[in-house]
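Q: So here's my_file_24.txt, just compact mmCIF, C-alpha atoms:
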# COMPACT_ATOMS: atom_id res chain seq x y z
CA MET A 1 149.95 98.90 32.48
CA LYS A 2 147.56 101.02 30.40
CA LEU A 3 144.81 100.37 32.95
CA TYR A 4 147.15 101.41 35.77
CA ILE A 5 148.15 104.66 34.09
CA ALA A 6 144.54 105.46 33.18
CA SER A 7 143.32 104.78 36.72
CA ILE A 8 146.06 107.00 38.19
CA LEU A 9 145.17 109.88 35.85
CA PHE A 10 141.45 109.45 36.45
CA SER A 11 141.93 109.40 40.21
CA CYS A 12 144.13 112.52 40.11
CA CYS A 13 141.38 114.35 38.24
CA GLY A 14 138.80 113.03 40.68
CA VAL A 15 140.76 114.27 43.69
CA ALA A 16 141.07 117.71 42.08
CA ALA A 17 137.32 117.78 41.38
CA GLN A 18 136.64 116.81 44.96
CA LYS A 19 138.91 119.60 46.21
CA PHE A 20 137.91 122.47 43.95
CA LEU A 21 134.40 121.56 42.81
CA LYS A 22 133.32 119.89 46.06
CA ALA A 23 132.33 116.81 44.07
CA ASP A 24 131.33 113.73 46.05
CA PRO A 25 133.22 110.69 44.71
CA GLY A 26 130.91 108.24 46.46
CA PRO A 27 131.83 104.59 45.87
CA ILE A 28 134.08 105.53 42.93
CA ALA A 29 136.97 106.40 45.27
CA PRO A 30 137.39 102.95 46.89
CA ILE A 31 136.76 101.26 43.53
CA MET A 32 139.52 103.25 41.83
CA SER A 33 141.82 102.63 44.78
CA ALA A 34 141.33 98.89 44.27
CA VAL A 35 141.88 99.21 40.51
CA ILE A 36 145.13 101.10 41.08
CA MET A 37 146.43 98.46 43.50
CA LEU A 38 145.36 95.48 41.39
CA SER A 39 146.65 96.83 38.06
CA GLY A 40 149.87 98.21 39.56
CA ALA A 41 150.72 95.03 41.46
CA SER A 42 149.86 92.91 38.40
CA SER A 43 152.19 94.99 36.22
CA VAL A 44 155.03 94.59 38.71
CA ALA A 45 154.39 90.84 38.98
CA LEU A 46 154.48 90.39 35.19
CA SER A 47 157.76 92.29 34.98
CA ILE A 48 159.44 90.27 37.72
CA ARG A 49 158.59 87.09 35.78
CA SER A 50 158.79 84.80 38.82
CA TRP A 51 155.53 83.77 40.43
CA ARG A 52 157.42 82.11 43.26
CA ALA A 53 159.08 85.42 44.11
CA VAL A 54 155.77 87.29 43.78
CA CYS A 55 153.95 84.87 46.08
CA TRP A 56 156.79 85.06 48.58
CA VAL A 57 156.48 88.85 48.82
CA LEU A 58 152.70 88.63 49.23
CA VAL A 59 152.97 86.03 52.00
CA VAL A 60 155.83 87.76 53.85
CA GLY A 61 154.03 91.10 53.70
CA ALA A 62 150.76 89.62 54.96
CA VAL A 63 152.40 87.64 57.77
CA GLY A 64 154.51 90.61 58.84
CA GLU A 65 151.41 92.80 59.05
CA ILE A 66 149.35 90.26 60.99
CA VAL A 67 152.17 89.72 63.48
CA GLY A 68 152.54 93.48 63.77
CA LEU A 69 148.84 94.01 64.43
CA PHE A 70 148.74 91.50 67.28
CA THR A 71 152.14 92.13 68.85
CA GLY A 72 153.33 95.60 67.81
CA PHE A 73 156.50 93.97 66.46
CA PRO A 74 158.34 94.92 64.31
CA PHE A 75 156.61 98.15 63.22
CA GLY A 76 155.13 99.47 66.47
CA ARG A 77 151.54 99.61 67.65
CA TYR A 78 148.97 100.47 64.98
CA GLU A 79 145.56 99.50 63.70
CA TYR A 80 143.80 99.62 60.34
CA THR A 81 140.57 101.53 59.90
CA ASP A 82 137.57 100.59 57.78
CA ARG A 83 138.53 103.03 55.00
CA TRP A 84 140.86 100.72 53.07
CA VAL A 85 138.16 98.45 51.70
CA PRO A 86 137.66 95.58 51.50
CA THR A 87 138.75 94.53 54.97
CA VAL A 88 138.28 91.38 57.00
CA SER A 89 138.14 91.05 60.75
CA LEU A 90 140.95 89.18 62.48
CA GLY A 91 139.20 89.29 65.82
CA VAL A 92 139.87 91.35 68.98
CA GLY A 93 139.24 94.54 67.04
CA HIS A 94 141.87 94.05 64.35
CA ARG A 95 141.06 94.69 60.68
CA PHE A 96 143.11 93.44 57.74
CA PRO A 97 142.79 95.14 54.32
CA LEU A 98 142.74 92.49 51.60
CA LEU A 99 144.70 94.76 49.24
CA LEU A 100 147.52 95.18 51.77
CA PRO A 101 149.78 92.39 50.39
CA LEU A 102 149.53 94.03 46.95
CA ALA A 103 150.89 97.25 48.46
CA TRP A 104 153.92 95.32 49.67
CA LEU A 105 154.40 93.88 46.19
CA MET A 106 154.23 97.34 44.61
CA MET A 107 156.70 98.80 47.10
CA VAL A 108 159.21 95.96 47.31
CA GLY A 109 158.78 94.77 43.72
CA GLY A 110 158.83 98.31 42.34
CA SER A 111 161.98 99.10 44.32
CA TYR A 112 163.56 95.90 43.04
CA LEU A 113 162.83 96.84 39.42
CA PHE A 114 164.57 100.17 39.91
CA VAL A 115 167.61 98.93 41.83
CA SER A 116 168.11 95.97 39.47
CA ARG A 117 169.03 98.45 36.75
CA TYR A 118 172.25 99.21 38.60
CA TRP A 119 173.12 96.44 41.04
CA GLN A 120 173.02 92.68 41.25
CA GLY A 121 173.67 90.12 43.97
CA TRP A 122 173.59 91.12 47.61
CA ARG A 123 173.72 94.83 46.78
CA LEU A 124 170.49 94.48 44.84
CA LEU A 125 168.74 92.84 47.82
CA VAL A 126 170.00 95.36 50.37
CA GLY A 127 169.38 98.31 48.06
CA THR A 128 165.81 97.19 47.44
CA ALA A 129 165.03 96.98 51.16
CA ILE A 130 166.59 100.40 51.79
CA LEU A 131 164.73 102.07 48.91
CA ALA A 132 161.35 100.60 49.90
CA THR A 133 161.89 101.75 53.48
CA ALA A 134 162.94 105.24 52.38
CA ILE A 135 159.80 105.64 50.27
CA ASP A 136 157.55 104.38 53.06
CA ILE A 137 158.82 107.00 55.53
CA PRO A 138 157.11 110.04 53.89
CA MET A 139 154.25 107.90 52.60
CA GLU A 140 153.22 107.21 56.19
CA ARG A 141 151.91 110.76 56.50
CA ALA A 142 149.55 110.36 53.55
CA MET A 143 148.29 106.94 54.51
CA THR A 144 147.35 108.07 58.01
CA ASP A 145 146.41 111.75 57.63
CA VAL A 146 145.07 111.94 54.05
CA PHE A 147 143.69 108.49 53.24
CA GLY A 148 143.09 107.46 56.85
CA TYR A 149 143.93 103.82 56.17
CA TRP A 150 145.53 103.21 59.57
CA ARG A 151 146.46 104.97 62.80
CA TRP A 152 149.46 104.69 65.09
CA LEU A 153 149.00 103.94 68.80
CA PRO A 154 150.47 106.39 69.68
CA SER A 155 151.82 108.46 66.80
CA GLY A 156 155.57 108.80 66.42
CA PRO A 157 158.15 111.39 65.37
CA ILE A 158 158.69 110.26 61.74
CA TYR A 159 155.73 111.66 59.79
CA GLY A 160 153.47 110.26 62.48
CA ALA A 161 155.12 106.84 62.59
CA PRO A 162 157.38 105.55 65.38
CA ILE A 163 161.08 105.08 64.76
CA TRP A 164 160.59 101.31 64.99
CA ASN A 165 158.52 101.39 61.81
CA ALA A 166 161.59 102.09 59.69
CA PHE A 167 163.46 99.17 61.25
CA GLY A 168 160.40 96.97 60.73
CA TRP A 169 160.22 97.91 57.08
CA MET A 170 163.90 97.13 56.63
CA ALA A 171 163.44 93.73 58.30
CA VAL A 172 160.24 92.65 56.53
CA GLY A 173 161.31 94.21 53.24
CA GLY A 174 164.66 92.46 53.51
CA ILE A 175 162.99 89.09 54.08
CA ALA A 176 160.53 89.73 51.26
CA VAL A 177 163.22 90.58 48.73
CA LEU A 178 165.04 87.32 49.50
CA GLY A 179 162.51 85.72 47.19
CA PHE A 180 164.20 87.56 44.31
CA ARG A 181 167.66 86.11 44.90
CA HIS A 182 167.21 83.45 42.19
CA VAL A 183 165.41 85.72 39.72
CA GLN A 184 167.71 85.99 36.71
CA ALA A 185 166.41 89.21 35.19
CA ALA A 186 163.47 91.52 35.35
CA GLU A 187 161.75 93.43 32.58
CA GLN A 188 161.67 97.19 33.06
CA ARG A 189 158.35 97.92 31.38
CA SER A 190 156.71 98.33 34.80
CA GLY A 191 159.45 100.56 36.15
CA ILE A 192 157.05 103.50 36.18
CA VAL A 193 154.56 101.84 38.55
CA LEU A 194 156.29 102.98 41.73
CA PRO A 195 157.12 106.56 40.63
CA LEU A 196 153.56 107.06 39.40
CA PHE A 197 152.22 105.82 42.73
CA CYS A 198 154.55 108.16 44.64
CA GLY A 199 153.37 111.02 42.46
CA PHE A 200 149.72 110.09 42.97
CA VAL A 201 150.10 110.01 46.76
CA ALA A 202 152.01 113.32 46.69
CA TRP A 203 149.23 114.90 44.58
CA ASN A 204 146.62 113.82 47.12
CA GLY A 205 148.77 115.26 49.88
CA PHE A 206 149.35 118.63 48.21
CA LEU A 207 145.61 119.05 47.64
CA SER A 208 144.97 118.31 51.30
CA ARG A 209 147.53 120.58 53.00
CA PHE A 210 151.21 121.31 52.75
CA ASP A 211 153.63 118.94 54.39
CA PRO A 212 157.32 118.20 53.70
CA ALA A 213 156.31 114.57 53.15
CA TRP A 214 154.66 115.49 49.85
CA VAL A 215 157.85 117.17 48.66
CA ALA A 216 159.81 114.03 49.49
CA LEU A 217 157.32 111.81 47.65
CA ALA A 218 157.33 114.12 44.62
CA ALA A 219 161.13 113.97 44.61
CA PHE A 220 160.99 110.17 44.68
CA ALA A 221 158.50 110.22 41.80
CA VAL A 222 160.79 112.37 39.67
CA TRP A 223 163.96 110.47 40.56
CA LEU A 224 162.51 107.01 40.01
CA GLY A 225 160.72 108.08 36.84
CA LEU A 226 163.58 109.81 35.06
CA PRO A 227 164.99 107.81 32.13
CA GLN A 228 168.43 106.72 33.17
CA LYS A 229 170.99 104.53 31.52
CA SER A 230 171.48 101.29 33.35
CA ASN A 231 174.97 100.70 34.76
CA LEU A 232 174.53 97.06 33.79
CA GLU A 233 173.89 97.99 30.18
CA SER A 234 176.96 100.22 30.09
CA LYS A 235 179.29 97.39 31.04
What would you get if you wrote out this structure as structure tokens?
A:
Amino acid sequence: MKLYIASILFSCCGVAAQKFLKADPGPIAPIMSAVIMLSGASSVALSIRSWRAVCWVLVVGAVGEIVGLFTGFPFGRYEYTDRWVPTVSLGVGHRFPLLLPLAWLMMVGGSYLFVSRYWQGWRLLVGTAILATAIDIPMERAMTDVFGYWRWLPSGPIYGAPIWNAFGWMAVGGIAVLGFRHVQAAEQRSGIVLPLFCGFVAWNGFLSRFDPAWVALAAFAVWLGLPQKSNLESK
């Protein structure tokens, strides 16, 4: 967790230096991106305390993306660029970022850690899928326009993504979170992973140009990061 927080802060300073001092990050940028994903996903995995559930999310996320790349279902037509390194070729022009399954773990696992403070049972599973989808909607703008990790073919009306992307996220996220149905409890020490990531993405966006998506992501960062008393603890 300390590595994750340090890498987020370092990267925020680096983005500011790149914007205002015209500093060239060179290979540091992709390295720090990998450190953020690895440390953040590891923190979430340790808090969930179920390697079976963690592996399930990684596999479901990877399979969902590969199916989506080749068929356009369930997210819509898109392709990854060579900017989210490291990537591997899947043939016929398709690239697959190796860190992509970790992003699914951070989004779905991070959403689960937050929702589990208030709900259990089926409401926890549904709430997790809804929250992960809601966060992804404004994050699409940053991932395509700021980071340039992927592009939509063609672009859609929801921050550049097609409407089907939201339904795809609900479907894949819902399947992924099924792996948590037998998880008894989750530690909350990694509850700040997702809000910090939302804040980091929003910071990158604000330094690029103004867009309502950054406001939405900043709002998610504040909401998810605020200390709140768990409804479960109050019972």
Q: With only C-alpha atoms as the atoms that count, which of A:Arg49, A:Lys19, A:Lys2, A:Arg123 lies nearest to A:Leu178?
A: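 Looking at the shortest contact to A:Leu178, the residue is A:Arg123.
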Q: Here is a test: counting all atoms listed in the file, which residue of A:Ala16, A:Leu21, A:Leu90, A:Val193 is nearest to A:Ala103?
A: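 Between A:Ala16, A:Leu21, A:Leu90, A:Val193, the residue approaching A:Ala103 most closely is A:Val193.
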Q: Env of A:Ala216: 12 Å cut, atoms = only C-alpha atoms, seq-sep filter 2 positions within chain, self excluded. Answer as a PDB file with C-alpha atoms, in the frame of the given file.
A:
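The resulting file, selection.pdb, is reproduced below:
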ATOM      1  CA  ALA A 134     162.940 105.240  52.380  1.00  0.00           C
ATOM      2  CA  ILE A 135     159.800 105.640  50.270  1.00  0.00           C
ATOM      3  CA  ASP A 136     157.550 104.380  53.060  1.00  0.00           C
ATOM      4  CA  ILE A 137     158.820 107.000  55.530  1.00  0.00           C
ATOM      5  CA  PRO A 138     157.110 110.040  53.890  1.00  0.00           C
ATOM      6  CA  MET A 139     154.250 107.900  52.600  1.00  0.00           C
ATOM      7  CA  GLU A 140     153.220 107.210  56.190  1.00  0.00           C
ATOM      8  CA  ARG A 141     151.910 110.760  56.500  1.00  0.00           C
ATOM      9  CA  ALA A 142     149.550 110.360  53.550  1.00  0.00           C
ATOM     10  CA  TYR A 159     155.730 111.660  59.790  1.00  0.00           C
ATOM     11  CA  PRO A 195     157.120 106.560  40.630  1.00  0.00           C
ATOM     12  CA  CYS A 198     154.550 108.160  44.640  1.00  0.00           C
ATOM     13  CA  GLY A 199     153.370 111.020  42.460  1.00  0.00           C
ATOM     14  CA  VAL A 201     150.100 110.010  46.760  1.00  0.00           C
ATOM     15  CA  ALA A 202     152.010 113.320  46.690  1.00  0.00           C
ATOM     16  CA  TRP A 203     149.230 114.900  44.580  1.00  0.00           C
ATOM     17  CA  GLY A 205     148.770 115.260  49.880  1.00  0.00           C
ATOM     18  CA  PHE A 206     149.350 118.630  48.210  1.00  0.00           C
ATOM     19  CA  PHE A 210     151.210 121.310  52.750  1.00  0.00           C
ATOM     20  CA  ASP A 211     153.630 118.940  54.390  1.00  0.00           C
ATOM     21  CA  PRO A 212     157.320 118.200  53.700  1.00  0.00           C
ATOM     22  CA  ALA A 213     156.310 114.570  53.150  1.00  0.00           C
ATOM     23  CA  TRP A 214     154.660 115.490  49.850  1.00  0.00           C
ATOM     24  CA  ALA A 218     157.330 114.120  44.620  1.00  0.00           C
ATOM     25  CA  ALA A 219     161.130 113.970  44.610  1.00  0.00           C
ATOM     26  CA  PHE A 220     160.990 110.170  44.680  1.00  0.00           C
ATOM     27  CA  ALA A 221     158.500 110.220  41.800  1.00  0.00           C
ATOM     28  CA  VAL A 222     160.790 112.370  39.670  1.00  0.00           C
ATOM     29  CA  TRP A 223     163.960 110.470  40.560  1.00  0.00           C
TER      30      TRP A 223
END
Q: Using all atoms listed in the file, which residue out of A:Leu3, A:Leu224, A:Leu105, A:Val15 lies closest to A:Ala45?
A: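 Checking each candidate against A:Ala45, we get A:Leu105 as the closest.
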Q: With distances taken over all atoms listed in the file, which residue among A:Ile48, A:Gly225, A:Met32, A:Ser208 lies nearest A:Ser116?
A: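 Ranking A:Ile48, A:Gly225, A:Met32, A:Ser208 by distance to A:Ser116, first place goes to A:Ile48.
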Q: What's the separation between atom CA of A:Gly14 and atom CA of A:Ala34, in Å to one decimal place?
A: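 According to the coordinates, atom CA of A:Gly14 and atom CA of A:Ala34 are separated by 14.8 Å.
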Q: Pick from A:Leu100, A:Phe200, A:Ala132, A:Cys12: nearest to A:Val63, with all atoms listed in the file counted?
A: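 Among A:Leu100, A:Phe200, A:Ala132, A:Cys12, it is A:Leu100 that comes nearest to A:Val63.
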Q: Using all atoms listed in the file, which residue out of A:Met37, A:Ala176, A:Ile192, A:Val60 lies closest to A:Leu113?
A: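 Nearest to A:Leu113: A:Ile192.
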Q: Atom CA of A:Met106 and atom CA of A:Gly72, how far apart in Å?
A: 23.3 Å
Q: Could you check how far atom CA of A:Trp104 sits from atom CA of A:Pro25, in Å to one decimal?
A: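 Atom-to-atom, atom CA of A:Trp104 to atom CA of A:Pro25, that is 26.3 Å.
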Q: Give me, as a tab-separated table, each residue of stretch 160-194 of chain A that comes within 7 Å of stretch 50-57 of chain A, together with its shortest interatomic pair and the distance in Å at one decimal, counting all atoms listed in the file, with rows ordered by chain and rising residue number.
A:
residue	atom	partner	partner_atom	distance
A:Ala176	CA	A:Val57	CA	4.8
A:Val177	CA	A:Val57	CA	7.0
A:Gly179	CA	A:Ala53	CA	4.6
A:Phe180	CA	A:Ala53	CA	5.6
A:Val183	CA	A:Ser50	CA	6.7
Q: Near A:Arg95, counting all atoms listed in the file, which residues have an atom at most 8 Å away, once you skip same-chain residues fewer than 6 positions from it, shown as number ranges by chain?
A: A: 79-82, 87-89
Q: Using all atoms listed in the file and a cutoff of 12 Å, can you tell me which residues are near (172.7, 98.6, 46.8) in the file's coordinates, and write them out as a VMD selection string?
A: chain A and resid 111 to 112 114 to 132
